[in-house]
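Have a look at start_31.cif below; it lists mmCIF, C-alpha atoms.
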data_query
#
loop_
_atom_site.label_atom_id
_atom_site.label_comp_id
_atom_site.auth_asym_id
_atom_site.auth_seq_id
_atom_site.Cartn_x
_atom_site.Cartn_y
_atom_site.Cartn_z
CA MET E 34 140.61 81.40 226.58
CA ASP E 35 137.71 83.64 227.63
CA SER E 36 134.08 82.85 226.90
CA GLU E 37 133.63 85.60 224.28
CA ALA E 38 136.50 84.27 222.18
CA ILE E 39 135.06 80.74 222.39
CA ASP E 40 131.64 82.02 221.31
CA VAL E 41 133.16 83.84 218.31
CA ILE E 42 134.98 80.67 217.24
CA TYR E 43 131.78 78.64 217.38
CA PHE E 44 129.87 81.27 215.38
CA VAL E 45 132.61 81.23 212.72
CA VAL E 46 132.62 77.41 212.60
CA ALA E 47 128.82 77.35 212.22
CA GLY E 48 128.98 79.90 209.41
CA VAL E 49 131.80 78.15 207.55
CA TRP E 50 130.08 74.79 207.86
CA THR E 51 126.79 76.21 206.53
CA VAL E 52 128.60 77.65 203.49
CA PHE E 53 130.40 74.32 202.91
CA VAL E 54 127.14 72.30 203.01
CA VAL E 55 125.34 74.71 200.67
CA ILE E 56 128.22 74.75 198.16
CA SER E 57 128.65 70.97 198.25
CA ALA E 58 124.90 70.46 197.68
CA TYR E 59 125.07 72.83 194.70
CA LEU E 60 128.08 70.95 193.27
CA PHE E 61 126.27 67.64 193.69
CA MET E 62 123.34 68.96 191.66
CA LYS E 63 125.66 70.47 189.04
CA ASN E 64 127.52 67.15 188.61
CA ILE E 65 124.46 64.90 188.71
CA ASN E 66 125.36 63.28 185.36
CA TYR E 67 128.55 61.72 186.70
CA PRO E 68 127.83 58.10 187.73
CA SER E 69 129.78 58.37 191.00
CA ILE E 70 127.29 61.07 192.08
CA LYS E 71 124.15 59.90 190.30
CA TYR E 72 124.30 56.40 191.80
CA ARG E 73 124.45 57.88 195.29
CA SER E 74 120.94 59.33 194.80
CA VAL E 75 120.94 63.13 194.78
CA PRO E 76 117.50 63.43 196.54
CA LEU E 77 118.79 61.31 199.44
CA PHE E 78 121.94 63.42 199.52
CA PHE E 79 119.92 66.64 199.81
CA VAL E 80 117.83 65.29 202.71
CA ASN E 81 121.03 64.06 204.33
CA ALA E 82 122.73 67.43 203.84
CA LEU E 83 119.78 69.40 205.26
CA THR E 84 119.38 67.25 208.37
CA ASN E 85 123.15 67.17 208.92
CA LEU E 86 123.26 70.97 208.73
CA LEU E 87 120.41 71.35 211.20
CA VAL E 88 122.00 68.93 213.67
CA THR E 89 125.52 70.37 213.51
CA VAL E 90 124.55 74.06 213.59
CA ASN E 91 122.03 73.34 216.36
CA ILE E 92 124.76 71.76 218.50
CA ILE E 93 127.50 74.26 217.64
CA LEU E 94 125.33 77.29 218.45
CA SER E 95 124.13 75.72 221.70
CA GLY E 96 127.42 76.93 223.22
CA PRO E 97 127.39 80.69 222.50
CA LEU E 98 123.57 80.86 222.76
CA SER E 99 123.24 78.62 225.81
CA SER E 100 121.72 81.34 227.99
CA LYS E 101 119.06 82.21 225.37
CA TYR E 102 118.43 78.98 223.46
CA MET E 103 115.39 77.08 224.77
CA CYS E 104 116.13 73.51 225.76
CA PHE E 105 112.86 72.25 224.25
CA VAL E 106 113.72 73.56 220.75
CA TYR E 107 117.34 72.40 220.97
CA PHE E 108 116.56 68.80 221.86
CA TRP E 109 113.59 68.34 219.57
CA ILE E 110 115.68 69.38 216.58
CA LEU E 111 118.05 66.59 217.61
CA TYR E 112 115.23 64.13 218.34
CA LEU E 113 113.84 64.59 214.81
CA CYS E 114 116.81 65.45 212.59
CA LEU E 115 119.45 63.13 214.05
CA PRO E 116 117.60 59.87 213.31
CA LEU E 117 116.45 61.30 209.95
CA TRP E 118 120.08 62.05 209.04
CA ILE E 119 121.19 58.59 210.15
CA ILE E 120 118.39 56.76 208.30
CA THR E 121 119.04 58.66 205.03
CA THR E 122 122.71 57.69 205.33
CA LEU E 123 121.72 54.06 205.89
CA VAL E 124 119.19 54.04 203.05
CA LYS E 125 121.83 55.44 200.70
CA HIS E 126 124.28 52.68 201.66
CA ILE E 127 121.64 49.91 201.56
CA ARG E 128 120.51 51.12 198.13
CA LEU E 129 124.07 50.90 196.80
CA ILE E 130 124.53 47.40 198.23
CA ILE E 131 121.30 46.23 196.58
CA LEU E 132 122.24 47.95 193.32
CA TYR E 133 125.57 46.10 193.22
CA ARG E 134 124.06 42.75 194.12
CA PHE E 135 121.27 43.36 191.61
CA GLY E 136 123.88 43.71 188.85
CA ALA E 137 125.66 40.58 190.02
CA GLU E 138 122.39 38.65 190.14
CA ARG E 139 121.47 39.73 186.61
CA ILE E 140 124.71 38.44 185.11
CA VAL E 141 124.45 35.12 186.99
CA THR E 142 120.81 34.68 186.01
CA TYR E 143 121.49 35.63 182.38
CA THR E 144 124.26 33.06 181.94
CA SER E 145 122.05 30.39 183.51
CA LEU E 146 119.08 31.20 181.25
CA TYR E 147 121.12 31.56 178.05
CA PRO E 148 124.18 29.30 178.42
CA SER E 149 124.48 28.73 174.68
CA LEU E 150 124.92 32.45 174.09
CA ASP E 151 127.90 32.60 176.45
CA SER E 152 129.40 29.23 175.76
CA GLU E 153 132.96 30.24 176.64
CA ASN E 154 134.33 29.69 180.10
CA ASN E 155 132.41 31.89 182.54
CA SER E 156 134.61 31.20 185.57
CA TYR E 157 135.63 34.88 185.52
CA LEU E 158 132.29 35.66 187.13
CA ASN E 159 133.26 33.81 190.30
CA SER E 160 136.00 36.35 191.01
CA THR E 161 133.54 39.21 190.72
CA THR E 162 130.88 38.30 193.24
CA GLU E 163 129.45 35.48 195.23
CA VAL E 164 126.71 33.45 193.55
CA LEU E 165 123.37 34.79 194.70
CA SER E 166 119.93 33.26 194.96
CA ARG E 167 118.49 33.39 191.46
CA ASN E 168 115.09 34.32 192.86
CA LEU E 169 116.46 37.32 194.75
CA PHE E 170 115.43 40.04 192.29
CA PRO E 171 112.41 38.80 190.29
CA LYS E 172 110.13 41.40 188.73
CA GLY E 173 107.89 43.03 191.31
CA SER E 174 109.97 41.79 194.26
CA TRP E 175 110.29 44.04 197.30
CA LEU E 176 114.09 44.15 196.84
CA ARG E 177 113.66 45.70 193.40
CA ARG E 178 111.23 48.22 194.84
CA LEU E 179 113.87 49.31 197.37
CA LEU E 180 115.75 50.93 194.48
CA THR E 181 112.91 53.40 193.77
CA PRO E 182 112.53 56.90 195.29
CA LYS E 183 109.01 55.99 196.45
CA ALA E 184 110.43 53.13 198.51
CA HIS E 185 113.01 55.47 200.02
CA ILE E 186 110.31 57.90 201.15
CA ILE E 187 108.09 55.15 202.59
CA GLY E 188 111.03 53.50 204.34
CA ILE E 189 112.16 56.77 205.92
CA ILE E 190 108.63 57.61 207.12
CA VAL E 191 108.06 54.12 208.54
CA TRP E 192 111.41 54.26 210.33
CA MET E 193 110.85 57.77 211.71
CA ILE E 194 107.42 57.12 213.25
CA PRO E 195 108.72 54.79 216.04
CA HIS E 196 111.55 57.26 216.72
CA CYS E 197 109.11 60.12 217.20
CA ILE E 198 106.78 58.07 219.40
CA LEU E 199 109.61 56.75 221.56
CA ALA E 200 111.25 60.17 221.94
CA THR E 201 107.89 61.74 222.86
CA VAL E 202 107.06 59.10 225.47
CA LEU E 203 110.52 59.23 227.01
CA HIS E 204 110.55 63.01 227.02
CA VAL E 205 107.14 63.20 228.72
CA VAL E 206 108.01 60.59 231.36
CA LEU E 207 111.34 62.16 232.27
CA ASN E 208 109.88 65.64 232.10
CA ARG E 209 107.29 64.75 234.76
CA ALA E 210 110.03 63.36 236.97
CA ASP E 211 112.02 66.61 236.74
CA LYS E 212 110.16 69.23 238.78
CA GLY E 213 112.63 71.97 237.84
CA TYR E 214 111.90 71.81 234.13
CA SER E 215 109.72 74.35 232.31
CA PRO E 216 109.19 75.21 228.62
CA ASN E 217 111.46 78.25 229.07
CA THR E 218 114.41 76.27 230.48
CA THR E 219 117.57 77.21 228.56
CA VAL E 220 120.30 74.99 227.19
CA GLU E 221 122.88 75.99 229.82
CA VAL E 222 120.69 74.33 232.46
CA CYS E 223 119.70 71.14 230.67
CA VAL E 224 122.39 70.40 228.11
CA ASN E 225 124.07 67.66 230.17
CA ASN E 226 120.90 66.42 231.83
CA TRP E 227 118.58 63.47 231.16
CA TYR E 228 117.38 65.04 227.90
CA TRP E 229 120.31 63.36 226.15
CA SER E 230 118.90 59.90 226.89
CA PRO E 231 116.91 59.51 223.61
CA ILE E 232 119.90 60.75 221.60
CA LEU E 233 122.34 58.35 223.27
CA GLY E 234 119.76 55.61 222.72
CA ILE E 235 119.71 56.41 218.99
CA PHE E 236 123.52 56.18 218.83
CA ILE E 237 123.60 52.86 220.68
CA LEU E 238 120.78 51.41 218.53
CA TYR E 239 122.51 52.20 215.25
CA THR E 240 126.07 51.47 216.36
CA LEU E 241 125.35 48.12 217.99
CA GLY E 242 122.28 47.03 216.00
CA VAL E 243 122.41 48.30 212.44
CA LEU E 244 126.11 48.73 211.64
CA PRO E 245 126.96 45.01 212.09
CA VAL E 246 124.21 44.19 209.58
CA ILE E 247 125.67 46.68 207.06
CA LEU E 248 129.13 45.16 207.58
CA LEU E 249 127.68 41.72 206.89
CA TYR E 250 126.12 42.77 203.61
CA ILE E 251 129.12 44.63 202.17
CA ARG E 252 131.14 41.42 202.16
CA GLY E 253 132.36 40.62 198.65
CA ILE E 254 131.31 43.99 197.22
CA LYS E 255 133.97 45.54 194.95
CA ASP E 256 132.29 48.43 193.18
CA ALA E 257 134.03 50.87 190.84
CA TYR E 258 132.79 54.00 192.61
CA ASP E 259 134.40 53.58 196.07
CA MET E 260 130.97 53.12 197.66
CA ARG E 261 132.21 50.25 199.80
CA LEU E 262 135.04 52.51 200.97
CA GLU E 263 132.53 55.24 201.84
CA VAL E 264 130.46 52.79 203.89
CA LEU E 265 133.53 51.65 205.83
CA TRP E 266 134.70 55.20 206.47
CA ASP E 267 131.20 56.18 207.61
CA ILE E 268 131.05 53.21 209.97
CA GLY E 269 134.48 54.08 211.38
CA ALA E 270 133.64 57.76 211.90
CA GLY E 271 130.22 56.94 213.39
CA THR E 272 131.63 54.36 215.80
CA VAL E 273 134.48 56.60 216.97
CA GLY E 274 132.14 59.59 217.38
CA THR E 275 129.59 57.58 219.34
CA LEU E 276 132.21 56.12 221.68
CA ALA E 277 133.84 59.54 222.18
CA CYS E 278 130.46 61.07 223.07
CA LEU E 279 129.59 58.26 225.50
CA LEU E 280 133.02 58.20 227.17
CA SER E 281 133.16 61.98 227.48
CA THR E 282 129.69 62.05 229.01
CA GLU E 283 130.55 59.39 231.59
CA LEU E 284 134.23 60.05 232.35
CA ASN E 285 135.22 63.60 231.49
CA GLU E 286 135.05 65.84 234.57
CA ASP E 287 137.51 68.52 233.43
CA LYS E 288 135.37 71.65 233.76
CA GLU E 289 137.78 73.87 231.81
CA PHE E 290 137.85 71.43 228.89
CA LEU E 291 134.05 71.04 228.99
CA ARG E 292 133.67 74.81 228.93
CA VAL E 293 135.69 75.00 225.71
CA PHE E 294 134.49 71.72 224.17
CA PRO E 295 131.23 70.42 225.72
CA ASN E 296 130.32 66.74 225.43
CA GLN E 297 127.66 67.34 222.76
CA MET E 298 130.29 68.76 220.39
CA TRP E 299 131.51 65.20 219.73
CA THR E 300 128.19 64.60 218.00
CA ALA E 301 128.72 67.65 215.80
CA VAL E 302 132.26 66.52 214.94
CA MET E 303 130.97 63.05 213.99
CA CYS E 304 128.24 64.52 211.76
CA MET E 305 130.71 66.85 210.08
CA CYS E 306 133.23 64.06 209.43
CA MET E 307 130.61 61.73 207.96
CA TYR E 308 129.22 64.47 205.71
CA TRP E 309 132.72 65.38 204.53
CA ILE E 310 133.28 61.71 203.64
CA SER E 311 130.03 61.63 201.63
CA VAL E 312 131.27 64.63 199.61
CA PHE E 313 134.97 63.86 199.33
CA ILE E 314 134.80 60.26 198.07
CA PRO E 315 132.44 60.75 195.07
CA PHE E 316 134.29 63.86 193.92
CA ARG E 317 137.63 62.10 194.32
CA GLU E 318 136.28 59.27 192.15
CA LYS E 319 135.12 61.82 189.59
CA ARG E 320 138.60 63.38 189.49
CA ARG E 321 140.23 59.97 189.05
CA PHE E 322 137.69 59.15 186.33
CA LEU E 323 138.52 62.33 184.38
CA ALA E 324 142.24 61.55 184.71
CA VAL E 325 141.77 58.42 182.57
CA HIS E 326 138.90 59.62 180.40
CA PRO E 327 139.29 58.45 176.77
CA SER E 328 139.89 61.84 175.22
CA LYS E 329 142.99 60.64 173.35
CA LYS E 330 142.72 59.14 169.88
CA CYS E 331 144.50 55.95 170.95
CA ALA E 332 141.69 55.24 173.44
CA HIS E 333 139.33 54.33 170.60
CA SER E 334 141.77 51.86 169.06
CA LEU E 335 142.41 50.33 172.49
CA PHE E 336 138.68 49.96 173.05
CA GLU E 337 138.26 48.28 169.68
CA GLU E 338 141.10 45.93 170.60
CA LEU E 339 139.28 45.06 173.84
CA LEU E 340 136.10 44.23 171.91
CA THR E 341 137.95 41.80 169.64
CA ASP E 342 139.96 40.08 172.39
CA SER E 343 137.56 37.50 173.84
CA HIS E 344 139.52 36.92 177.08
CA LEU E 345 140.01 40.63 177.78
CA PHE E 346 136.36 41.33 176.96
CA GLN E 347 135.32 38.65 179.45
CA GLU E 348 137.24 40.44 182.16
CA PHE E 349 135.69 43.73 181.05
CA HIS E 350 132.30 42.00 181.18
CA ALA E 351 132.92 40.88 184.78
CA PHE E 352 134.14 44.36 185.73
CA SER E 353 130.86 45.85 184.49
CA VAL E 354 129.20 44.42 187.63
CA ARG E 355 131.33 46.79 189.68
CA ASP E 356 130.40 49.60 187.32
CA PHE E 357 126.63 48.87 187.60
CA SER E 358 126.46 48.52 183.80
CA VAL E 359 126.36 44.75 183.28
CA GLU E 360 123.49 45.06 180.79
CA ASN E 361 125.72 46.84 178.23
CA PRO E 362 128.18 44.00 177.45
CA LEU E 363 125.31 41.50 177.65
CA PHE E 364 123.40 43.48 175.02
CA TYR E 365 126.49 43.96 172.86
CA ASN E 366 127.27 40.23 172.81
CA ARG E 367 123.68 39.18 172.18
CA VAL E 368 123.03 41.64 169.35
CA ASN E 369 126.35 40.97 167.61
CA LYS E 370 125.52 37.28 167.37
CA TRP E 371 122.02 38.10 166.10
CA ILE E 372 123.40 40.50 163.46
CA LEU E 373 125.73 37.82 162.08
CA ASP E 374 122.82 35.39 161.81
CA MET E 375 120.56 38.02 160.24
CA LYS E 376 123.12 39.07 157.63
CA ASP E 377 123.66 35.44 156.71
CA LEU E 378 119.90 35.04 156.18
CA GLU E 379 119.74 38.21 154.09
CA GLN E 380 122.46 36.91 151.75
CA ARG E 381 120.61 33.69 150.96
CA ASN E 382 117.07 32.50 150.79
CA CYS E 383 116.30 31.40 154.32
CA SER E 384 113.95 28.64 155.25
CA SER E 385 110.83 29.64 157.12
CA THR E 386 112.16 27.89 160.23
CA ASN E 387 115.44 29.81 160.23
CA CYS E 388 113.71 33.10 159.51
CA GLU E 389 111.17 32.52 162.25
CA SER E 390 113.79 31.67 164.87
CA THR E 391 115.87 34.74 163.96
CA TYR E 392 112.83 37.01 164.11
CA GLN E 393 111.89 35.52 167.47
CA GLU E 394 115.41 36.27 168.69
CA ALA E 395 114.93 39.93 167.69
CA HIS E 396 111.71 40.03 169.71
CA GLU E 397 113.51 38.39 172.66
CA ILE E 398 116.33 40.96 172.54
CA TYR E 399 113.75 43.72 172.49
CA ARG E 400 111.90 42.20 175.45
CA LEU E 401 115.06 41.70 177.53
CA PHE E 402 116.94 44.94 176.84
CA ILE E 403 114.73 47.66 175.32
CA ALA E 404 111.08 47.28 176.35
CA SER E 405 109.85 49.34 179.28
CA ASN E 406 110.85 47.72 182.60
CA ALA E 407 112.95 45.13 180.77
CA ASP E 408 115.00 42.80 182.96
CA TYR E 409 118.27 44.13 181.45
CA GLU E 410 117.08 47.53 180.24
CA ILE E 411 119.83 49.54 178.54
CA ASN E 412 120.12 53.31 178.77
CA ILE E 413 119.41 54.46 175.22
CA THR E 414 117.59 57.54 173.99
CA SER E 415 113.81 57.53 173.83
CA GLU E 416 113.99 58.18 170.06
CA THR E 417 116.08 55.05 169.50
CA SER E 418 113.86 52.95 171.73
CA HIS E 419 110.71 54.24 170.01
CA GLN E 420 112.08 53.51 166.51
CA ILE E 421 113.06 49.94 167.46
CA SER E 422 109.63 49.38 169.03
CA LYS E 423 107.97 50.65 165.85
CA ASP E 424 110.09 48.38 163.62
CA ILE E 425 109.40 45.36 165.83
CA LEU E 426 105.64 45.97 165.81
CA THR E 427 105.48 46.51 162.04
CA GLY E 428 107.73 43.54 161.27
CA ASN E 429 110.39 45.75 159.69
CA ILE E 430 113.20 43.54 161.00
CA GLY E 431 116.59 43.70 159.29
CA SER E 432 120.23 43.42 160.27
CA SER E 433 120.33 47.18 160.93
CA LEU E 434 117.48 47.03 163.47
CA PHE E 435 119.71 47.56 166.52
CA ASP E 436 122.48 49.61 164.88
CA GLN E 437 121.68 52.87 166.67
CA ALA E 438 121.24 51.10 170.00
CA ILE E 439 124.58 49.32 169.57
CA ALA E 440 126.26 52.65 168.76
CA GLU E 441 124.87 54.26 171.93
CA VAL E 442 125.81 51.28 174.11
CA LEU E 443 129.34 51.21 172.69
CA ASP E 444 129.69 54.93 173.40
CA MET E 445 128.54 54.41 177.01
CA MET E 446 131.03 51.57 177.49
CA LEU E 447 133.83 53.68 175.97
CA GLN E 448 133.03 56.87 177.87
CA GLN E 449 132.02 55.39 181.25
CA THR E 450 133.07 51.79 181.93
CA PHE E 451 136.28 51.61 179.87
CA PRO E 452 138.16 54.39 181.78
CA ARG E 453 137.37 52.70 185.10
CA PHE E 454 138.40 49.36 183.68
CA LEU E 455 141.76 50.86 182.68
CA ARG E 456 142.21 52.20 186.21
CA HIS E 457 141.16 48.82 187.62
CA LYS E 458 143.90 47.17 185.52
CA GLY E 459 146.47 49.72 186.71
CA TRP E 460 146.83 51.48 183.33
CA THR E 461 146.18 54.95 184.71
CA ASN E 462 149.37 56.95 184.12
CA ASP E 463 148.82 57.08 180.38
CA TYR E 464 147.19 55.00 177.71
CA PRO E 465 149.49 52.18 176.64
CA ILE E 466 150.30 51.64 172.97
CA ARG E 467 148.30 48.42 173.18
CA LEU E 468 146.51 46.61 175.94
CA PRO E 469 148.70 44.18 177.88
CA PRO E 470 147.52 40.54 177.90
CA ILE E 471 145.62 39.20 180.91
#

For this file, write the structure as structure tokens.
Amino acid sequence: MDSEAIDVIYFVVAGVWTVFVVISAYLFMKNINYPSIKYRSVPLFFVNALTNLLVTVNIILSGPLSSKYMCFVYFWILYLCLPLWIITTLVKHIRLIILYRFGAERIVTYTSLYPSLDSENNSYLNSTTEVLSRNLFPKGSWLRRLLTPKAHIIGIIVWMIPHCILATVLHVVLNRADKGYSPNTTVEVCVNNWYWSPILGIFILYTLGVLPVILLYIRGIKDAYDMRLEVLWDIGAGTVGTLACLLSTELNEDKEFLRVFPNQMWTAVMCMCMYWISVFIPFREKRRFLAVHPSKKCAHSLFEELLTDSHLFQEFHAFSVRDFSVENPLFYNRVNKWILDMKDLEQRNCSSTNCESTYQEAHEIYRLFIASNADYEINITSETSHQISKDILTGNIGSSLFDQAIAEVLDMMLQQTFPRFLRHKGWTNDYPIRLPPI
């Protein structure tokens, strides 16, 4: 294959890949309301997509433009964008791990603080997650702050500063040792030279240092959005790509093969594979979610059956940890018990002690689930939250206080968690006439 044909192929690949990244970023933004995409943090995805595009196109075009492309520009795009792409990928995965463990910690802490409210056997929780330290996610803790966009930005900046300093120092030192280098040196002269040292160092650092830590922390995680699967696929693709790049650099001496597929192209292939994984898995989960979405009338009756079956609801409750929505069944259980007590008090003249304790319970439910920055804050509309706050403050407390909130939480459980629970139970071909027993 002649050089012109190879150059045309690389230009086409660069163009197709650019179109794919742009379209996938647009689709991510368009589908931001789907949990499988929303939980992956769209801002992090956009930074990841941009840096991935810069790295891959920079490497792919280094072949056909090797006689014109300045070495300085080529490598500094890699020095800056490659670690930025890797760290955004890591932050995304670490965020998901913390989010899952945060949900698990909340359900463990809740049942320890309010054992009388969940008096039935809670052994089902043990099959969901390992028991965590109950002081792991207190209010204001640094682990909670890691879930915020501000923490993501600070973490990325703090991580990038040492990379930039190290790459600059190494580049300057090696540059002084190479008398043949000048600012106008092109890629065809330097592409397989010492300039790759910082990049190979980045690969070795992340592959040998960071990935084992990620593997350690994904133990026991069984989320409903295939995030654990994405982490494992990313680790596999990153490890294979790094080893292929290192082995090709050290062992491959086939000049004809290197002319067609230079060593640095392994890095581009790795980046492309990992980005494809980050797009494919969430959209596959979305497709599977829509396949079992409760659009049929029988879904509502099945959901009502689940709510009345205590054993099945316990399993649904445990599954909500995987779905990152553990606060919904907690709220539903707590409010239902309060409503029964409140209706009983409304039907008879209550003693001041009983009334006071029931009113205090309403305030406690508000504090735990509805107030701003509540420990188990539910995702209800601002209008509903405002009305409940107003009724609590004015003392207008009746059995209908949380009716609208309960309706919204039930709708979220039906529309979001219930379809995934059905798939988790293996009831995905069609809705059964009734739910099978556990």

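If you look at atom CA of E:Glu348 and atom CA of E:Asn369, they are 18.2 Å away from each other.
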
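Residues in contact with stretch 64-80 of chain E at 8 Å, where only C-alpha atoms are counted and same-chain residues fewer than 3 positions away are skipped, are listed as Ala58, Leu60, Phe61, Leu83, Thr84, Trp118, Thr121, Thr122, Lys125, Leu129, Tyr258, Pro315, Phe316, Glu318 and Lys319 of chain E.
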
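Across the structure, atom CA of E:Val246 and atom CA of E:Ile127 are spaced 10.2 Å apart.
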
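For the pair atom CA of E:Ile268 and atom CA of E:Asp256, the separation is 17.5 Å.
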
Enumerate, as a PyMOL selection string, the protein, DNA and RNA residues whose atoms approach (115.6, 35.5, 163.2) to within 12 Å, taking into account all atoms listed in the file and the coordinate frame of the file.
-> chain E and resi 368+370-379+383-398+425+428+430-432+434

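Counting only C-alpha atoms, the residue from E:Ile247, E:Ala332, E:Ile93, E:Ala351 that sits nearest to E:Gln448 is E:Ala332.
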
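Ranking E:Gly271, E:Pro97, E:Pro245, E:Gly48 by their shortest atom-to-atom distance to E:Tyr308, with only C-alpha atoms included, puts E:Gly271 first.
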
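Between E:Leu111 and the residues E:Lys183, E:His196, E:Arg355, E:Arg317, the shortest atom-to-atom distance, using only C-alpha atoms, involves E:His196.
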
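The residues caught by the PyMOL selection byres ((chain E and resi 445) around 12) in this file are E:Pro68, E:Pro327, E:Phe336, E:Ser353, E:Asp356, E:Ser358, E:Val359, E:Glu360, E:Asn361, E:Pro362, E:Tyr365, E:Ile411, E:Asn412, E:Ile413, E:Thr414, E:Ala438, E:Ile439, E:Ala440, E:Glu441, E:Val442, E:Leu443, E:Asp444, E:Met446, E:Leu447, E:Gln448, E:Gln449, E:Thr450, E:Phe451, E:Pro452.
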
Spatial neighbours of E:Thr89, 10 Å, only C-alpha atoms, chain gap at least 2 places, as a PyMOL selection string = chain E and resi 47+50-51+84-87+91-95+111+115+297-298+300-305

Take the selection from the previous step and output its residues with C-alpha atoms, as a PDB file, in the coordinates of the input.
ATOM      1  CA  ALA E  47     128.820  77.350 212.220  1.00  0.00           C
ATOM      2  CA  TRP E  50     130.080  74.790 207.860  1.00  0.00           C
ATOM      3  CA  THR E  51     126.790  76.210 206.530  1.00  0.00           C
ATOM      4  CA  THR E  84     119.380  67.250 208.370  1.00  0.00           C
ATOM      5  CA  ASN E  85     123.150  67.170 208.920  1.00  0.00           C
ATOM      6  CA  LEU E  86     123.260  70.970 208.730  1.00  0.00           C
ATOM      7  CA  LEU E  87     120.410  71.350 211.200  1.00  0.00           C
ATOM      8  CA  ASN E  91     122.030  73.340 216.360  1.00  0.00           C
ATOM      9  CA  ILE E  92     124.760  71.760 218.500  1.00  0.00           C
ATOM     10  CA  ILE E  93     127.500  74.260 217.640  1.00  0.00           C
ATOM     11  CA  LEU E  94     125.330  77.290 218.450  1.00  0.00           C
ATOM     12  CA  SER E  95     124.130  75.720 221.700  1.00  0.00           C
ATOM     13  CA  LEU E 111     118.050  66.590 217.610  1.00  0.00           C
ATOM     14  CA  LEU E 115     119.450  63.130 214.050  1.00  0.00           C
ATOM     15  CA  GLN E 297     127.660  67.340 222.760  1.00  0.00           C
ATOM     16  CA  MET E 298     130.290  68.760 220.390  1.00  0.00           C
ATOM     17  CA  THR E 300     128.190  64.600 218.000  1.00  0.00           C
ATOM     18  CA  ALA E 301     128.720  67.650 215.800  1.00  0.00           C
ATOM     19  CA  VAL E 302     132.260  66.520 214.940  1.00  0.00           C
ATOM     20  CA  MET E 303     130.970  63.050 213.990  1.00  0.00           C
ATOM     21  CA  CYS E 304     128.240  64.520 211.760  1.00  0.00           C
ATOM     22  CA  MET E 305     130.710  66.850 210.080  1.00  0.00           C
TER      23      MET E 305
END

List, as a PyMOL selection string, every residue that the PyMOL selection byres ((chain E and resi 109) around 12) selects in the file provided.
-> chain E and resi 87-88+91-92+103-108+110-116+196-197+200-201+204+228-229+231-232

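Here the question is which of E:Gly234, E:Pro195, E:Gly269, E:Gly274 gets nearest to E:Trp299 using all atoms listed in the file, and that residue is E:Gly274.
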
For E:Glu337, work out the shell of residues within 12 Å, counting only C-alpha atoms and skipping chain neighbours fewer than 2 positions away, then give it as a ChimeraX atom specification.
-> /E:330-335,339-343,345-346,443-444,446-447,451,467-468
